[in-house]
Protein chains: 2
Amino acid sequence: MPEKKAKSTRRSGCPVSISLERIGDRWSLLVIRDLMVRGFRTFREFEQAGEGIASNILADRLRKLEASGIITAEREESDGRRVNYRLTKKGIDLAPVLLELLIWGARHEETGAPCAVIMNMEESREEVLAEVRRRWRERDSTPLLPKFGDGGGGRHLARTRRGA
Amino acid sequence: MPEKKAKSTRRSGCPVSISLERIGDRWSLLVIRDLMVRGFRTFREFEQAGEGIASNILADRLRKLEASGIITAEREESDGRRVNYRLTKKGIDLAPVLLELLIWGARHEETGAPCAVIMNMEESREEVLAEVRRRWRERDSTPLLPKFGDGGGGRHLARTRRGA
DNA sequence: ACGATAACTTGCATTTCGCAAGTTACATTG
DNA sequence: CAATGTAACTTGCGAAATGCAAGTTATCGT
């Protein structure tokens with residue numbers, strides 16, 4: 001099977017357009033979100049706990065995200081079946097996009113997220129982002145955010161800073 | 001023609017997921033970008049100056065964006081053929097998302113945008129956003145950003161603050 | 001060795017996309 | 001006021017993407 005490079009037809013040089021060619025679909029950013037704040041690492045986790053993505057689509061997205069340098073995939077030492085996915089620097093740099101998307105959705109749509117939590121995040125963007133980055137750097141996989149609207153909605157965000 | 005309400009199948013209550021159901025495709029955010037920083041108002045402008053969107057898709061997106069309360073469509077008084085599209089408050093609130101997407105793309109992908117411009121925007125996010133919001137409030141349609149990579153790439157962003 | 005697991009493929013029906021051409025309503029021109 | 005033009009869409013249709021169910025391959029635990 002011939003490897004397919006990035007799409008040949010670049011619509012324009014606009015950064016927004018190019019960004020959308022990479023992550024502009026209904027699933028890619030959800031996968032990235034799960035890697036970023038829910039501590040997901042494996043195919044199975046995405047498949048099961050996600051919003052119902054089909055396995056072939058998931059495989060396709062993981063492949064494309066890897067090809068774009070947004071995530072890496074590596075086999076686990078201790079268990080050769082498992083593949084561990086994680087965000088690259090390029091991937092974690094999508095945190096601000098995700099955060100703004102979260103804030104926008106919470107403000108303008110009926111979501112399962114408690115408003116207070118989001119308003120709090122809005123006022124402390126930088127702290128939230130700093131925590132997301134720290135987790136990435138230190139490979140901390142403990143879930144940062146609950147799964148809004150799935151029964152965990154009432155709980156509030158774990159404090160952004162651990163110690164202080 | 002039976003009106004179709006919002007998608008019935010909501011994947012989850014997560015704000016990110018819901019946001020993506022509204023604008024998570026390859027075209028919606030480009031239309032919003034053009035309304036926001038290029039001063040586009042009409043169907044024709046999107047169709048011609050855009051990245052090559054098909055007219056049926058454009059019509060579909062405009063319809064959906066209107067249904068989602070992100071844009072409004074109103075016939076022009078002086079010329080009954082024309083329909084003027086503009087962003088609602090909900091629509092202009094996507095500015096931070098777009099800005100972060102722009103910054104990310106410029107940093108991590110080969111785009112037609114001069115790096116210096118973007119780095120400058122990154123350091124003055126709030127000023128850029130303030131200007132975008134001012135333009136929206138005052139219905140100022142002068143283009144704010146050039147069309148990167150289409151020959152206008154060399155020019156730099158018009159100063160964010162007018163007077164100072 | 002044998003069943004369980006994890007990570008994918010494969011087939012196929014359905015939906016969406018993309019392109020070209022056509023339609024409708026209004027406006028302008030002669 | 002008839003002819004031509006323009007703006008905003010539809011329509012038709014082949015191609016590509018999506019969603020589902022089932023199958024495959026390579027470990028792993030016992």
# chains A, B, ... in the order shown; residues from 1 in each chain; ligands from 1
>>> closest_atom_pairs(of="chain B", to="chain C", cutoff="8 Å", atoms="only C-alpha atoms (C1' of nucleotides)", output="JSON lines")
{"residue": "B:Ala54", "atom": "CA", "partner": "C:DG18", "partner_atom": "C1'", "distance": 6.4}
{"residue": "B:Ile57", "atom": "CA", "partner": "C:DC17", "partner_atom": "C1'", "distance": 7.8}
{"residue": "B:Asp79", "atom": "CA", "partner": "C:DA27", "partner_atom": "C1'", "distance": 7.6}
{"residue": "B:Gly80", "atom": "CA", "partner": "C:DC26", "partner_atom": "C1'", "distance": 5.9}
{"residue": "B:Arg81", "atom": "CA", "partner": "C:DC26", "partner_atom": "C1'", "distance": 5.4}
>>> write_last_selection(atoms="C-alpha atoms", output="PDB file, in the first residue's frame")
ATOM      1  CA  ALA B  54     -19.029  24.562  -3.910  1.00  0.00           C
ATOM      2  CA  ILE B  57     -22.131  23.312   0.247  1.00  0.00           C
ATOM      3  CA  ASP B  79     -31.256  45.619  -3.706  1.00  0.00           C
ATOM      4  CA  GLY B  80     -33.697  42.792  -3.201  1.00  0.00           C
ATOM      5  CA  ARG B  81     -31.409  40.230  -4.751  1.00  0.00           C
TER       6      ARG B  81
END
>>> interface_residues(of="chain A", to="chain D", cutoff="12 Å", atoms="only C-alpha atoms (C1' of nucleotides)", output="PyMOL selection string")
chain A and resi 25-27+52-58+60+75-83
>>> atom_distance(atom1="CA of Arg134 (chain B)", atom2="CA of Ser124 (chain A)")
23.8 Å
>>> closest_atom_pairs(of="chain B", to="chain A", cutoff="7 Å", atoms="only C-alpha atoms", output="JSON lines")
{"residue": "B:Arg11", "atom": "CA", "partner": "A:Glu51", "partner_atom": "CA", "distance": 5.3}
{"residue": "B:Ser12", "atom": "CA", "partner": "A:Glu51", "partner_atom": "CA", "distance": 6.2}
{"residue": "B:Gly13", "atom": "CA", "partner": "A:Gly112", "partner_atom": "CA", "distance": 4.3}
{"residue": "B:Cys14", "atom": "CA", "partner": "A:Phe148", "partner_atom": "CA", "distance": 4.9}
{"residue": "B:Pro15", "atom": "CA", "partner": "A:Gly105", "partner_atom": "CA", "distance": 4.7}
{"residue": "B:Val16", "atom": "CA", "partner": "A:Leu102", "partner_atom": "CA", "distance": 4.8}
{"residue": "B:Ser17", "atom": "CA", "partner": "A:Leu30", "partner_atom": "CA", "distance": 6.8}
{"residue": "B:Ile18", "atom": "CA", "partner": "A:Gly105", "partner_atom": "CA", "distance": 6.5}
{"residue": "B:Ser19", "atom": "CA", "partner": "A:Gly105", "partner_atom": "CA", "distance": 5.0}
{"residue": "B:Leu20", "atom": "CA", "partner": "A:Arg26", "partner_atom": "CA", "distance": 5.8}
{"residue": "B:Glu21", "atom": "CA", "partner": "A:Arg26", "partner_atom": "CA", "distance": 6.6}
{"residue": "B:Gly24", "atom": "CA", "partner": "A:Asp25", "partner_atom": "CA", "distance": 5.0}
{"residue": "B:Asp25", "atom": "CA", "partner": "A:Asp25", "partner_atom": "CA", "distance": 4.5}
{"residue": "B:Arg26", "atom": "CA", "partner": "A:Gly24", "partner_atom": "CA", "distance": 5.0}
{"residue": "B:Leu30", "atom": "CA", "partner": "A:Ser17", "partner_atom": "CA", "distance": 6.8}
{"residue": "B:Glu51", "atom": "CA", "partner": "A:Arg11", "partner_atom": "CA", "distance": 5.3}
{"residue": "B:Lys90", "atom": "CA", "partner": "A:His108", "partner_atom": "CA", "distance": 6.6}
{"residue": "B:Asp93", "atom": "CA", "partner": "A:Trp104", "partner_atom": "CA", "distance": 6.9}
{"residue": "B:Leu94", "atom": "CA", "partner": "A:Trp104", "partner_atom": "CA", "distance": 6.8}
{"residue": "B:Pro96", "atom": "CA", "partner": "A:Glu100", "partner_atom": "CA", "distance": 6.2}
{"residue": "B:Val97", "atom": "CA", "partner": "A:Glu100", "partner_atom": "CA", "distance": 5.3}
{"residue": "B:Glu100", "atom": "CA", "partner": "A:Val97", "partner_atom": "CA", "distance": 5.3}
{"residue": "B:Leu101", "atom": "CA", "partner": "A:Val16", "partner_atom": "CA", "distance": 5.8}
{"residue": "B:Leu102", "atom": "CA", "partner": "A:Val16", "partner_atom": "CA", "distance": 4.8}
{"residue": "B:Trp104", "atom": "CA", "partner": "A:Leu94", "partner_atom": "CA", "distance": 6.8}
{"residue": "B:Gly105", "atom": "CA", "partner": "A:Pro15", "partner_atom": "CA", "distance": 4.8}
{"residue": "B:Ala106", "atom": "CA", "partner": "A:Pro15", "partner_atom": "CA", "distance": 5.3}
{"residue": "B:His108", "atom": "CA", "partner": "A:Lys90", "partner_atom": "CA", "distance": 6.6}
{"residue": "B:Thr111", "atom": "CA", "partner": "A:Gly13", "partner_atom": "CA", "distance": 5.0}
{"residue": "B:Gly112", "atom": "CA", "partner": "A:Gly13", "partner_atom": "CA", "distance": 4.3}
{"residue": "B:Ala113", "atom": "CA", "partner": "A:Cys14", "partner_atom": "CA", "distance": 6.6}
{"residue": "B:Lys147", "atom": "CA", "partner": "A:Cys14", "partner_atom": "CA", "distance": 6.7}
{"residue": "B:Phe148", "atom": "CA", "partner": "A:Cys14", "partner_atom": "CA", "distance": 4.9}
{"residue": "B:Gly149", "atom": "CA", "partner": "A:Gly13", "partner_atom": "CA", "distance": 4.4}
{"residue": "B:Asp150", "atom": "CA", "partner": "A:Gly13", "partner_atom": "CA", "distance": 7.0}
>>> atom_distance(atom1="CA of Leu144 (chain B)", atom2="CA of Val37 (chain B)")
5.0 Å
>>> select_by_dssp(residues="chain B", states="strand (DSSP E or B)", output="MDAnalysis selection string")
chainID B and resid 71:75 83:87
>>> write_last_selection(atoms="C-alpha atoms", output="PDB file, in the first residue's frame")
ATOM      1  CA  ILE B  71     -24.953  34.204  11.648  1.00  0.00           C
ATOM      2  CA  THR B  72     -27.965  36.130  10.441  1.00  0.00           C
ATOM      3  CA  ALA B  73     -29.184  36.530   6.898  1.00  0.00           C
ATOM      4  CA  GLU B  74     -31.188  39.504   5.789  1.00  0.00           C
ATOM      5  CA  ARG B  75     -32.211  40.835   2.457  1.00  0.00           C
ATOM      6  CA  VAL B  83     -28.648  38.818   1.119  1.00  0.00           C
ATOM      7  CA  ASN B  84     -26.362  40.178   3.776  1.00  0.00           C
ATOM      8  CA  TYR B  85     -24.838  37.729   6.156  1.00  0.00           C
ATOM      9  CA  ARG B  86     -23.339  38.827   9.407  1.00  0.00           C
ATOM     10  CA  LEU B  87     -22.123  37.323  12.611  1.00  0.00           C
TER      11      LEU B  87
END
>>> residues_around(residues="Asp140 (chain A)", least_positions_apart="2", cutoff="12 Å", atoms="only C-alpha atoms (C1' of nucleotides)", output="PyMOL selection string")
chain A and resi 35-41+86+131-138+142-144+162
>>> write_last_selection(atoms="N, CA and C atoms", output="mmCIF file, in the first residue's frame")
data_model
loop_
_atom_site.group_PDB
_atom_site.id
_atom_site.type_symbol
_atom_site.label_atom_id
_atom_site.label_comp_id
_atom_site.auth_asym_id
_atom_site.auth_seq_id
_atom_site.Cartn_x
_atom_site.Cartn_y
_atom_site.Cartn_z
ATOM 1 N N LEU A 35 -6.864 12.660 24.839
ATOM 2 C CA LEU A 35 -5.443 12.514 25.167
ATOM 3 C C LEU A 35 -5.011 13.598 26.136
ATOM 4 N N MET A 36 -5.575 14.771 25.961
ATOM 5 C CA MET A 36 -5.106 15.932 26.702
ATOM 6 C C MET A 36 -5.636 15.991 28.128
ATOM 7 N N VAL A 37 -6.919 15.780 28.290
ATOM 8 C CA VAL A 37 -7.476 15.985 29.625
ATOM 9 C C VAL A 37 -8.095 14.752 30.264
ATOM 10 N N ARG A 38 -8.260 13.696 29.499
ATOM 11 C CA ARG A 38 -8.853 12.516 30.107
ATOM 12 C C ARG A 38 -7.834 11.398 30.317
ATOM 13 N N GLY A 39 -6.626 11.629 29.872
ATOM 14 C CA GLY A 39 -5.573 10.657 30.111
ATOM 15 C C GLY A 39 -5.677 9.384 29.291
ATOM 16 N N PHE A 40 -6.399 9.434 28.206
ATOM 17 C CA PHE A 40 -6.507 8.249 27.356
ATOM 18 C C PHE A 40 -5.189 7.968 26.654
ATOM 19 N N ARG A 41 -4.918 6.688 26.459
ATOM 20 C CA ARG A 41 -3.681 6.292 25.796
ATOM 21 C C ARG A 41 -3.903 5.248 24.711
ATOM 22 N N ARG A 86 0.271 9.254 22.323
ATOM 23 C CA ARG A 86 0.384 10.489 23.117
ATOM 24 C C ARG A 86 0.594 11.702 22.235
ATOM 25 N N GLU A 131 -1.473 23.980 33.631
ATOM 26 C CA GLU A 131 -1.689 22.646 34.208
ATOM 27 C C GLU A 131 -1.725 21.578 33.118
ATOM 28 N N VAL A 132 -2.401 21.875 32.031
ATOM 29 C CA VAL A 132 -2.456 20.928 30.911
ATOM 30 C C VAL A 132 -1.047 20.643 30.405
ATOM 31 N N ARG A 133 -0.256 21.666 30.323
ATOM 32 C CA ARG A 133 1.122 21.492 29.827
ATOM 33 C C ARG A 133 1.985 20.733 30.819
ATOM 34 N N ARG A 134 1.770 21.024 32.076
ATOM 35 C CA ARG A 134 2.525 20.303 33.085
ATOM 36 C C ARG A 134 2.212 18.802 33.021
ATOM 37 N N ARG A 135 0.933 18.499 32.943
ATOM 38 C CA ARG A 135 0.519 17.108 32.850
ATOM 39 C C ARG A 135 1.182 16.427 31.661
ATOM 40 N N TRP A 136 1.254 17.143 30.568
ATOM 41 C CA TRP A 136 1.869 16.578 29.375
ATOM 42 C C TRP A 136 3.352 16.331 29.598
ATOM 43 N N ARG A 137 4.033 17.311 30.138
ATOM 44 C CA ARG A 137 5.460 17.221 30.376
ATOM 45 C C ARG A 137 5.789 16.067 31.315
ATOM 46 N N GLU A 138 5.004 15.985 32.367
ATOM 47 C CA GLU A 138 5.281 14.971 33.393
ATOM 48 C C GLU A 138 4.551 13.651 33.160
ATOM 49 N N THR A 142 -3.749 11.302 35.023
ATOM 50 C CA THR A 142 -4.999 11.360 35.788
ATOM 51 C C THR A 142 -5.964 12.320 35.100
ATOM 52 N N PRO A 143 -7.210 11.900 34.990
ATOM 53 C CA PRO A 143 -8.182 12.748 34.297
ATOM 54 C C PRO A 143 -8.266 14.132 34.917
ATOM 55 N N LEU A 144 -8.260 15.120 34.073
ATOM 56 C CA LEU A 144 -8.339 16.508 34.552
ATOM 57 C C LEU A 144 -9.784 16.984 34.566
ATOM 58 N N ARG A 162 -2.189 21.565 41.922
ATOM 59 C CA ARG A 162 -2.300 20.468 42.885
ATOM 60 C C ARG A 162 -1.987 20.967 44.292
#
>>> select_by_dssp(residues="chain A", states="helix (DSSP H, G or I)", output="number ranges by chain")
A: 15-23, 28-37, 43-49, 55-67, 89-92, 95-108, 115-123, 125-137
